[in-house]
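J.: model-v1.cif (mmCIF, C-alpha atoms and all ligand atoms) pasted underneath:
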```cif
data_run
#
loop_
_atom_site.label_atom_id
_atom_site.label_comp_id
_atom_site.auth_asym_id
_atom_site.auth_seq_id
_atom_site.Cartn_x
_atom_site.Cartn_y
_atom_site.Cartn_z
CA MET Q 1 97.77 86.96 37.14
CA ALA Q 2 96.39 85.02 34.22
CA THR Q 3 98.52 84.01 31.26
CA THR Q 4 98.22 84.77 27.56
CA LYS Q 5 99.81 81.53 26.35
CA LEU Q 6 97.50 78.87 24.96
CA LEU Q 7 99.44 75.86 26.23
CA VAL Q 8 100.75 75.13 29.71
CA SER Q 9 103.98 73.84 28.19
CA ASP Q 10 104.70 77.31 26.86
CA PHE Q 11 104.68 79.15 30.17
CA ALA Q 12 105.15 76.50 32.89
CA SER Q 13 108.91 76.92 33.14
CA THR Q 14 108.75 80.72 33.25
CA VAL Q 15 106.37 81.20 36.19
CA LYS Q 16 107.11 81.07 39.91
CA ASN Q 17 103.46 80.78 40.81
CA VAL Q 18 100.48 79.04 39.31
CA PRO Q 19 98.46 81.63 37.32
CA SER Q 20 95.17 82.52 39.00
CA ASN Q 21 92.97 80.72 36.48
CA TYR Q 22 94.62 77.40 37.46
CA ILE Q 23 94.06 77.75 41.21
CA ARG Q 24 91.31 75.53 42.56
CA PRO Q 25 89.08 76.44 45.50
CA ILE Q 26 90.49 75.26 48.84
CA TYR Q 27 88.01 72.38 49.25
CA ASP Q 28 88.92 70.98 45.83
CA ARG Q 29 92.71 70.57 45.90
CA PRO Q 30 94.95 67.51 45.77
CA ASN Q 31 95.67 67.39 49.57
CA PHE Q 32 98.84 65.32 49.18
CA SER Q 33 99.12 64.43 52.86
CA ASP Q 34 95.93 62.37 52.65
CA VAL Q 35 96.93 60.16 49.69
CA HIS Q 36 97.78 56.50 50.19
CA MET Q 37 100.48 54.64 48.31
CA SER Q 38 99.46 51.82 46.03
CA SER Q 39 100.50 48.28 46.75
CA GLU Q 40 99.61 45.09 44.97
CA ALA Q 41 97.03 44.55 47.67
CA SER Q 42 95.16 47.72 46.77
CA ILE Q 43 95.53 47.68 42.97
CA PRO Q 44 95.48 44.15 41.59
CA LEU Q 45 98.20 43.24 39.12
CA ILE Q 46 96.76 41.08 36.36
CA ASP Q 47 99.15 38.76 34.60
CA LEU Q 48 97.71 38.03 31.17
CA HIS Q 49 99.50 34.72 31.14
CA GLN Q 50 96.79 33.75 33.56
CA LEU Q 51 93.89 35.68 32.19
CA SER Q 52 91.15 36.02 34.77
CA GLY Q 53 88.34 38.52 35.42
CA PRO Q 54 90.20 41.81 35.22
CA ARG Q 55 88.93 44.83 37.05
CA ARG Q 56 90.72 48.10 37.45
CA SER Q 57 94.26 46.93 37.56
CA HIS Q 58 97.72 46.88 36.13
CA VAL Q 59 98.36 44.42 33.32
CA LYS Q 60 101.72 42.75 32.69
CA ASN Q 61 102.73 40.09 30.16
CA HIS Q 62 100.38 41.85 27.78
CA GLY Q 63 102.27 40.97 24.60
CA ILE Q 64 103.03 44.55 23.50
CA PRO Q 65 106.76 44.71 22.81
CA GLU Q 66 108.74 46.94 25.12
CA GLU Q 67 110.31 48.67 22.14
CA MET Q 68 106.90 49.71 20.86
CA ILE Q 69 106.02 51.14 24.26
CA ASN Q 70 109.30 53.03 24.49
CA ASN Q 71 108.88 54.37 20.94
CA MET Q 72 105.41 55.58 21.84
CA LEU Q 73 106.58 57.38 24.97
CA SER Q 74 109.58 58.88 23.16
CA ILE Q 75 107.56 60.17 20.26
CA ALA Q 76 105.10 61.80 22.66
CA ARG Q 77 107.97 63.44 24.52
CA GLU Q 78 109.48 64.64 21.24
CA PHE Q 79 106.18 66.04 20.07
CA PHE Q 80 105.78 68.19 23.17
CA LYS Q 81 109.37 69.42 22.81
CA LEU Q 82 108.74 70.82 19.33
CA PRO Q 83 108.81 74.62 19.04
CA GLU Q 84 105.57 76.32 20.05
CA SER Q 85 104.77 77.42 16.50
CA GLU Q 86 105.18 73.87 15.20
CA ARG Q 87 102.94 72.35 17.87
CA LEU Q 88 100.30 75.03 17.50
CA LYS Q 89 99.66 73.97 13.89
CA ASN Q 90 97.63 71.17 15.46
CA TYR Q 91 95.79 73.36 17.96
CA SER Q 92 92.00 73.48 18.08
CA ASP Q 93 89.39 73.91 20.79
CA ASP Q 94 86.68 72.33 18.61
CA PRO Q 95 85.99 68.88 20.13
CA SER Q 96 84.49 67.56 16.89
CA LYS Q 97 87.94 67.68 15.26
CA THR Q 98 89.31 64.14 15.12
CA THR Q 99 92.94 65.23 15.50
CA ARG Q 100 93.71 68.16 17.74
CA LEU Q 101 96.08 69.62 20.25
CA SER Q 102 94.47 71.37 23.17
CA THR Q 103 94.95 72.08 26.83
CA SER Q 104 93.25 71.50 30.18
CA PHE Q 105 89.95 69.69 29.50
CA ASN Q 106 87.20 71.78 27.93
CA VAL Q 107 88.59 75.28 27.54
CA LYS Q 108 85.27 76.65 26.33
CA THR Q 109 83.25 75.84 29.45
CA GLU Q 110 85.49 75.22 32.45
CA LYS Q 111 85.95 77.77 35.22
CA VAL Q 112 89.35 76.58 36.43
CA ALA Q 113 92.00 75.31 34.01
CA ASN Q 114 94.04 72.13 34.45
CA TRP Q 115 97.81 71.78 34.22
CA ARG Q 116 97.76 69.59 31.13
CA ASP Q 117 98.25 69.82 27.38
CA PHE Q 118 97.04 66.99 25.21
CA LEU Q 119 97.09 65.75 21.66
CA ARG Q 120 93.95 63.80 20.92
CA LEU Q 121 93.87 61.34 18.02
CA HIS Q 122 91.27 59.05 16.56
CA CYS Q 123 92.94 55.79 15.65
CA TYR Q 124 90.42 53.31 14.35
CA PRO Q 125 89.93 52.59 11.51
CA LEU Q 126 93.51 53.74 11.10
CA GLN Q 127 93.34 54.57 7.39
CA ASP Q 128 90.52 57.08 8.02
CA TYR Q 129 92.65 59.17 10.36
CA ILE Q 130 96.36 58.60 9.97
CA GLN Q 131 96.76 61.22 7.25
CA GLU Q 132 95.58 63.97 9.61
CA TRP Q 133 98.07 63.06 12.34
CA PRO Q 134 101.12 65.28 12.83
CA SER Q 135 103.95 64.55 10.40
CA ASN Q 136 106.45 66.09 12.79
CA PRO Q 137 108.33 64.38 14.45
CA PRO Q 138 108.90 62.50 11.18
CA SER Q 139 108.40 59.02 12.66
CA PHE Q 140 105.25 60.02 14.55
CA LYS Q 141 102.77 58.28 12.24
CA GLU Q 142 104.76 55.09 12.02
CA HIS Q 143 105.35 54.62 15.75
CA VAL Q 144 101.89 55.68 16.85
CA ALA Q 145 100.19 53.48 14.22
CA GLU Q 146 102.17 50.44 15.35
CA TYR Q 147 101.36 51.13 18.95
CA CYS Q 148 97.65 51.67 18.57
CA THR Q 149 97.19 48.63 16.34
CA SER Q 150 98.89 46.49 18.93
CA VAL Q 151 96.92 48.01 21.80
CA ARG Q 152 93.70 47.32 19.94
CA GLY Q 153 94.53 43.62 19.88
CA LEU Q 154 95.15 43.67 23.62
CA ILE Q 155 91.89 45.49 24.31
CA LEU Q 156 89.96 42.92 22.28
CA ARG Q 157 91.50 40.15 24.39
CA LEU Q 158 90.54 41.95 27.58
CA LEU Q 159 86.99 42.43 26.31
CA GLU Q 160 86.72 38.69 25.65
CA ALA Q 161 87.90 37.95 29.18
CA ILE Q 162 85.48 40.46 30.65
CA SER Q 163 82.59 39.05 28.57
CA GLU Q 164 83.38 35.58 29.89
CA SER Q 165 83.69 36.84 33.46
CA LEU Q 166 80.10 38.09 33.10
CA ARG Q 167 79.06 34.69 31.69
CA LEU Q 168 78.28 36.28 28.36
CA GLN Q 169 79.38 34.93 25.00
CA ARG Q 170 83.06 35.51 24.49
CA ASP Q 171 82.48 37.96 21.64
CA TYR Q 172 79.49 39.66 23.31
CA ILE Q 173 81.09 43.05 24.00
CA ASP Q 174 82.97 43.12 20.72
CA LYS Q 175 79.72 42.45 18.81
CA LYS Q 176 77.79 45.03 20.83
CA THR Q 177 80.26 47.79 20.08
CA ASN Q 178 80.62 46.55 16.52
CA LYS Q 179 81.74 49.68 14.64
CA HIS Q 180 83.59 50.83 17.72
CA GLY Q 181 85.91 53.77 18.10
CA GLN Q 182 89.43 53.94 19.46
CA HIS Q 183 90.87 57.27 20.52
CA MET Q 184 94.03 58.17 22.25
CA SER Q 185 95.31 61.10 24.16
CA LEU Q 186 98.95 62.06 24.52
CA ASN Q 187 98.86 63.86 27.85
CA TYR Q 188 101.70 66.17 28.80
CA TYR Q 189 101.90 67.52 32.33
CA PRO Q 190 104.70 70.08 32.64
CA ARG Q 191 106.43 70.70 35.94
CA CYS Q 192 104.31 72.91 38.14
CA PRO Q 193 105.64 75.43 40.67
CA GLU Q 194 102.70 74.92 43.07
CA PRO Q 195 101.27 71.44 42.51
CA GLU Q 196 99.15 71.64 45.67
CA LEU Q 197 96.94 74.32 44.11
CA THR Q 198 95.88 72.62 40.90
CA PHE Q 199 95.25 69.35 39.08
CA GLY Q 200 96.57 67.79 35.91
CA LEU Q 201 93.09 66.35 35.60
CA PRO Q 202 90.53 66.52 38.41
CA GLY Q 203 88.56 63.44 39.50
CA HIS Q 204 86.49 61.79 36.78
CA THR Q 205 85.43 58.45 35.41
CA ASP Q 206 86.15 57.75 31.76
CA PRO Q 207 82.88 57.86 29.78
CA ASN Q 208 83.92 55.10 27.34
CA LEU Q 209 83.98 51.32 27.75
CA ILE Q 210 87.55 50.58 28.76
CA THR Q 211 90.78 52.58 28.92
CA LEU Q 212 94.29 51.24 28.65
CA LEU Q 213 96.64 53.77 30.17
CA LEU Q 214 100.37 53.87 29.53
CA GLN Q 215 102.35 56.14 31.83
CA ASP Q 216 106.01 57.07 31.95
CA ASN Q 217 107.96 56.58 35.17
CA VAL Q 218 106.70 59.71 36.92
CA PRO Q 219 103.89 59.22 39.46
CA GLY Q 220 100.70 61.29 39.13
CA LEU Q 221 97.74 58.97 38.67
CA GLN Q 222 95.47 58.41 41.66
CA VAL Q 223 92.34 56.28 41.98
CA LEU Q 224 89.63 56.50 44.62
CA ARG Q 225 89.38 53.32 46.61
CA ASN Q 226 87.21 52.91 49.70
CA GLY Q 227 86.86 56.67 49.93
CA LYS Q 228 90.62 57.32 49.87
CA TRP Q 229 92.81 58.53 47.02
CA VAL Q 230 95.49 55.98 46.25
CA ALA Q 231 98.58 56.85 44.19
CA VAL Q 232 99.00 54.33 41.38
CA ASN Q 233 102.73 54.48 40.92
CA PRO Q 234 104.16 53.41 37.59
CA ILE Q 235 105.49 49.91 37.03
CA PRO Q 236 107.65 49.79 33.87
CA ASN Q 237 106.17 47.95 30.90
CA THR Q 238 102.76 47.69 32.55
CA PHE Q 239 99.40 49.16 31.62
CA ILE Q 240 96.63 50.48 33.83
CA VAL Q 241 93.17 49.22 32.92
CA ASN Q 242 90.37 51.59 33.79
CA ILE Q 243 86.79 50.42 33.54
CA GLY Q 244 84.66 53.15 31.96
CA ASP Q 245 81.03 54.19 32.35
CA GLN Q 246 79.76 52.18 29.35
CA MET Q 247 81.10 48.98 30.93
CA GLN Q 248 79.18 49.81 34.09
CA VAL Q 249 76.01 50.21 32.01
CA LEU Q 250 76.54 47.07 29.93
CA SER Q 251 77.36 44.91 32.96
CA ASN Q 252 74.41 46.35 34.90
CA ASP Q 253 76.73 47.56 37.69
CA LYS Q 254 78.76 44.33 37.97
CA TYR Q 255 81.79 46.29 36.83
CA LYS Q 256 82.11 49.79 38.26
CA SER Q 257 83.83 52.62 36.47
CA VAL Q 258 86.71 53.95 38.50
CA LEU Q 259 87.06 57.52 39.74
CA HIS Q 260 90.58 58.72 39.02
CA ARG Q 261 92.60 61.92 38.67
CA ALA Q 262 96.06 63.14 37.78
CA VAL Q 263 98.17 65.37 40.01
CA VAL Q 264 101.26 67.28 38.95
CA ASN Q 265 104.58 67.90 40.66
CA SER Q 266 107.33 70.51 40.79
CA ASP Q 267 110.11 68.11 39.98
CA LYS Q 268 109.45 66.31 36.73
CA GLU Q 269 107.24 66.62 33.70
CA ARG Q 270 104.99 63.62 33.13
CA ILE Q 271 103.56 61.86 30.11
CA SER Q 272 100.58 59.55 30.08
CA ILE Q 273 98.94 57.96 27.07
CA PRO Q 274 95.44 56.60 27.56
CA THR Q 275 93.78 54.61 24.79
CA PHE Q 276 90.01 54.96 25.00
CA TYR Q 277 87.94 52.21 23.47
CA CYS Q 278 84.31 53.17 22.95
CA PRO Q 279 81.12 52.12 21.19
CA SER Q 280 80.43 54.02 17.95
CA SER Q 281 78.36 57.13 18.68
CA ASP Q 282 75.09 55.77 17.30
CA SER Q 283 75.30 52.27 18.75
CA VAL Q 284 72.87 51.54 21.58
CA THR Q 285 74.27 50.35 24.90
CA GLY Q 286 72.13 49.08 27.74
CA PRO Q 287 72.40 46.46 30.47
CA ALA Q 288 72.98 43.06 28.80
CA LYS Q 289 69.65 41.19 28.73
CA GLU Q 290 71.39 38.11 30.13
CA LEU Q 291 72.23 40.08 33.27
CA VAL Q 292 68.73 41.38 33.91
CA ASP Q 293 66.05 39.39 35.73
CA GLN Q 294 63.50 39.77 38.50
CA HIS Q 295 66.18 40.04 41.15
CA HIS Q 296 68.50 42.19 39.07
CA PRO Q 297 66.41 44.84 37.36
CA ALA Q 298 68.04 47.01 34.70
CA VAL Q 299 69.85 49.85 36.47
CA TYR Q 300 70.21 51.95 33.32
CA ARG Q 301 68.11 52.76 30.31
CA ASN Q 302 69.37 52.17 26.79
CA LEU Q 303 71.56 54.99 25.54
CA THR Q 304 73.77 55.86 22.63
CA TYR Q 305 77.40 56.68 23.26
CA GLY Q 306 76.84 59.90 21.29
CA GLU Q 307 74.28 61.21 23.76
CA TYR Q 308 76.34 60.02 26.73
CA TYR Q 309 79.51 61.68 25.52
CA GLU Q 310 77.72 64.94 24.92
CA LYS Q 311 76.57 65.03 28.55
CA PHE Q 312 80.08 64.14 29.72
CA TRP Q 313 81.73 66.81 27.64
CA ASN Q 314 79.36 69.61 28.56
CA LYS Q 315 79.26 68.80 32.22
CA GLY Q 316 83.01 69.03 32.55
CA LEU Q 317 85.07 67.24 35.17
CA ALA Q 318 83.74 69.30 38.07
CA THR Q 319 81.66 66.50 39.54
CA ALA Q 320 81.83 62.73 39.51
CA CYS Q 321 80.14 60.96 36.59
CA CYS Q 322 77.06 61.18 34.41
CA LEU Q 323 75.66 57.69 35.02
CA ASP Q 324 72.95 59.03 37.35
CA MET Q 325 71.37 60.84 34.42
CA PHE Q 326 70.81 57.53 32.64
CA LYS Q 327 69.15 55.48 35.37
CA ALA Q 328 66.24 53.29 34.25
C1 LIG M 401 92.56 60.64 31.18
C2 LIG M 401 93.21 60.31 32.45
C3 LIG M 401 95.18 60.04 33.80
C4 LIG M 401 96.62 60.25 33.73
O1 LIG M 401 93.25 61.16 30.27
O2 LIG M 401 91.34 60.38 31.06
O3 LIG M 401 92.53 59.92 33.34
O4 LIG M 401 97.33 59.65 34.54
N1 LIG M 401 94.54 60.44 32.58
O5 LIG M 401 97.08 61.04 32.91
NI NI M 402 90.59 59.36 32.70
#
```
Is it possible to give me this structure as structure tokens?
Ligand code: OGA
Ligand code: NI
T.:
Amino acid sequence: MATTKLLVSDFASTVKNVPSNYIRPIYDRPNFSDVHMSSEASIPLIDLHQLSGPRRSHVKNHGIPEEMINNMLSIAREFFKLPESERLKNYSDDPSKTTRLSTSFNVKTEKVANWRDFLRLHCYPLQDYIQEWPSNPPSFKEHVAEYCTSVRGLILRLLEAISESLRLQRDYIDKKTNKHGQHMSLNYYPRCPEPELTFGLPGHTDPNLITLLLQDNVPGLQVLRNGKWVAVNPIPNTFIVNIGDQMQVLSNDKYKSVLHRAVVNSDKERISIPTFYCPSSDSVTGPAKELVDQHHPAVYRNLTYGEYYEKFWNKGLATACCLDMFKA
């Protein structure tokens, strides 16, 4: 049976089985028995006190106060606990809306739905967007604004470190993305009666430059490493850094975007809050000239983030990533 509710959060606790439109084909399911556990050996933990070439990794000592992180997670939890009618005021399936609540991934094109609701916000420049953010819960704007301003500072520091690790000028990536965008998603994954049949989010790479993911204490994130899915279990007060497709382009394959997915469970709801940092839609990204020579030809052509994102959005999360479409 399919469901008539728009959001997973509004039927998840009333069903004994996953509705048919959420059931994935047998070859495309989480297969929990084949997932490895993360250890520091498999997912590097980067201590920003000793900043050094970060890759996909956890980050600790990042300078974002614990209170700000807890406020952010609490406000997300409170938002998804609001009555259905209150939440639905923010609902839209139009991806061009800069503030919107939606569900799954792309409800207009996907064949199988995902066990996720999300509130997507644009957050930079803050003053252009903050007035459209939800005003319920009452402290939403204040806490989220504090959080995303602080996260932006951290991302800029990471981008400097990454620029230097590529032997580029320290401000290279910042300059390249100049009028960049910063978006965030408040992801809510309700408990699921049959988590082995569906995904919170199926495997994908993030299309943007770099993602800083905050997760609560419920496991669910997995990354593909050496052909195996590895569970990246939460460490309190620590962020996950995911390299996105634009970083792979800019670094001419020196950094690789990471394939990751989110699974759900029958025990506990889960919240994750990725911050996506991206070039502005009309800015041109291509392999940095400094990284291209006779022995290292450009792997990708120049592209705008606008055209890249359009491909990503329309393709859906059914298959890996769109980088192949932009080879030089
Ligand atoms: C995403 C994402 C993973 C998670 O929103 O792009 O990969 O753990 N989320 O929720
Ligand atoms: Ni992602």
J.: For ligand NI 402 (chain M), return the neighbouring residues as a PyMOL selection string (distance at most 10 Å; all atoms listed in the file).
T.: chain Q and resi 185+201-208+211-213+221+223+242-244+258-262+274-276+317
J.: Please measure the separation of atom O1 of ligand LIG 401 (chain M) and CA of Trp115 (chain Q), giving the value in Å to one decimal.
T.: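 Spanning atom O1 of ligand LIG 401 (chain M) to CA of Trp115 (chain Q) is a straight-line distance of 12.2 Å.
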J.: So which one's closest to Ile273 (chain Q), Q:Lys327, Q:Arg120, Q:Lys315, Q:Lys179? Using only C-alpha atoms, please.
T.: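 Closest residue, counting only C-alpha atoms: Q:Arg120.
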J.: Could you tell me how far CA of Glu164 (chain Q) lies from CA of His180 (chain Q), in Å and to one decimal?
T.: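 Interatomic distance here is 19.5 Å.
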J.: Return the single residue from Q:Ala298, Q:Leu45, Q:Val218, Q:Val284 that is closest to ligand LIG 401 (chain M), with distances computed using all atoms listed in the file.
T.: Q:Val218
J.: Find the residue from Q:Arg116, Q:Lys289, Q:Arg225, Q:Lys16 that sits nearest to ligand LIG 401 (chain M); use all atoms listed in the file when measuring.
T.: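 Among the listed residues, the smallest separation from ligand LIG 401 (chain M) belongs to Q:Arg116.
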J.: How many Å separate CA of Ala288 (chain Q) from CA of Met247 (chain Q)?
T.: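 CA of Met247 (chain Q) lies 10.3 Å from CA of Ala288 (chain Q).
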J.: Can you tell me, as JSON, the centre and edge lengths (Å, one decimal) of the axis-aligned box enclosing all of ligand LIG 401 (chain M)'s listed atoms after padding each side by 4 Å?
T.:
```
{"center_x": 94.3, "center_y": 60.4, "center_z": 32.4, "size_x": 14.0, "size_y": 9.5, "size_z": 12.3}
```
J.: Find the residue from Q:His183, Q:Lys228, Q:Arg170, Q:His36 that sits nearest to ligand LIG 401 (chain M); use only C-alpha atoms and all ligand atoms when measuring.
T.: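 Of Q:His183, Q:Lys228, Q:Arg170, Q:His36, the one nearest ligand LIG 401 (chain M), counting only C-alpha atoms and all ligand atoms, is Q:His183.
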J.: Restricting the calculation to all atoms listed in the file, which member of Q:His62, Q:Ser165, Q:Ser104, Q:Ile271 is positioned closest to Ile75 (chain Q)?
T.: Q:Ile271
J.: Which residue, Q:Lys311, Q:Arg167, Q:His295, Q:Arg270, has the smallest gap to Ser251 (chain Q) when you use only C-alpha atoms?
T.: Q:Arg167
J.: Dump as a VMD selection string all residues having an atom at most 12 Å from (90.0, 71.3, 18.9), computed in the file's coordinates with all atoms listed in the file.
T.: chain Q and resid 88 to 108 117 to 121
J.: Compile the contact shell of Tyr305 (chain Q) as JSON, numbers by chain: residues with an atom at most 12 Å away, counting all atoms listed in the file, same-chain residues fewer than 6 positions apart removed.
T.: {"Q": [176, 177, 179, 180, 181, 207, 208, 209, 244, 245, 246, 247, 249, 250, 277, 278, 279, 280, 281, 282, 283, 284, 285, 286, 311, 312, 313, 323, 326]}
J.: Report as a Markdown table: every residue of region 195-293 of chain Q with an atom at most 7 Å from region 28-32 of chain Q, its closest pair of atoms, and their distance in Å to one decimal, counting only C-alpha atoms, with rows sorted by chain and ascending residue number.
T.:
```
| residue | atom | partner | partner_atom | distance |
| --- | --- | --- | --- | --- |
| Q:Glu196 | CA | Q:Pro30 | CA | 5.9 |
| Q:Leu197 | CA | Q:Arg29 | CA | 5.9 |
| Q:Thr198 | CA | Q:Arg29 | CA | 6.3 |
| Q:Phe199 | CA | Q:Pro30 | CA | 6.9 |
| Q:Val263 | CA | Q:Pro30 | CA | 6.9 |
```
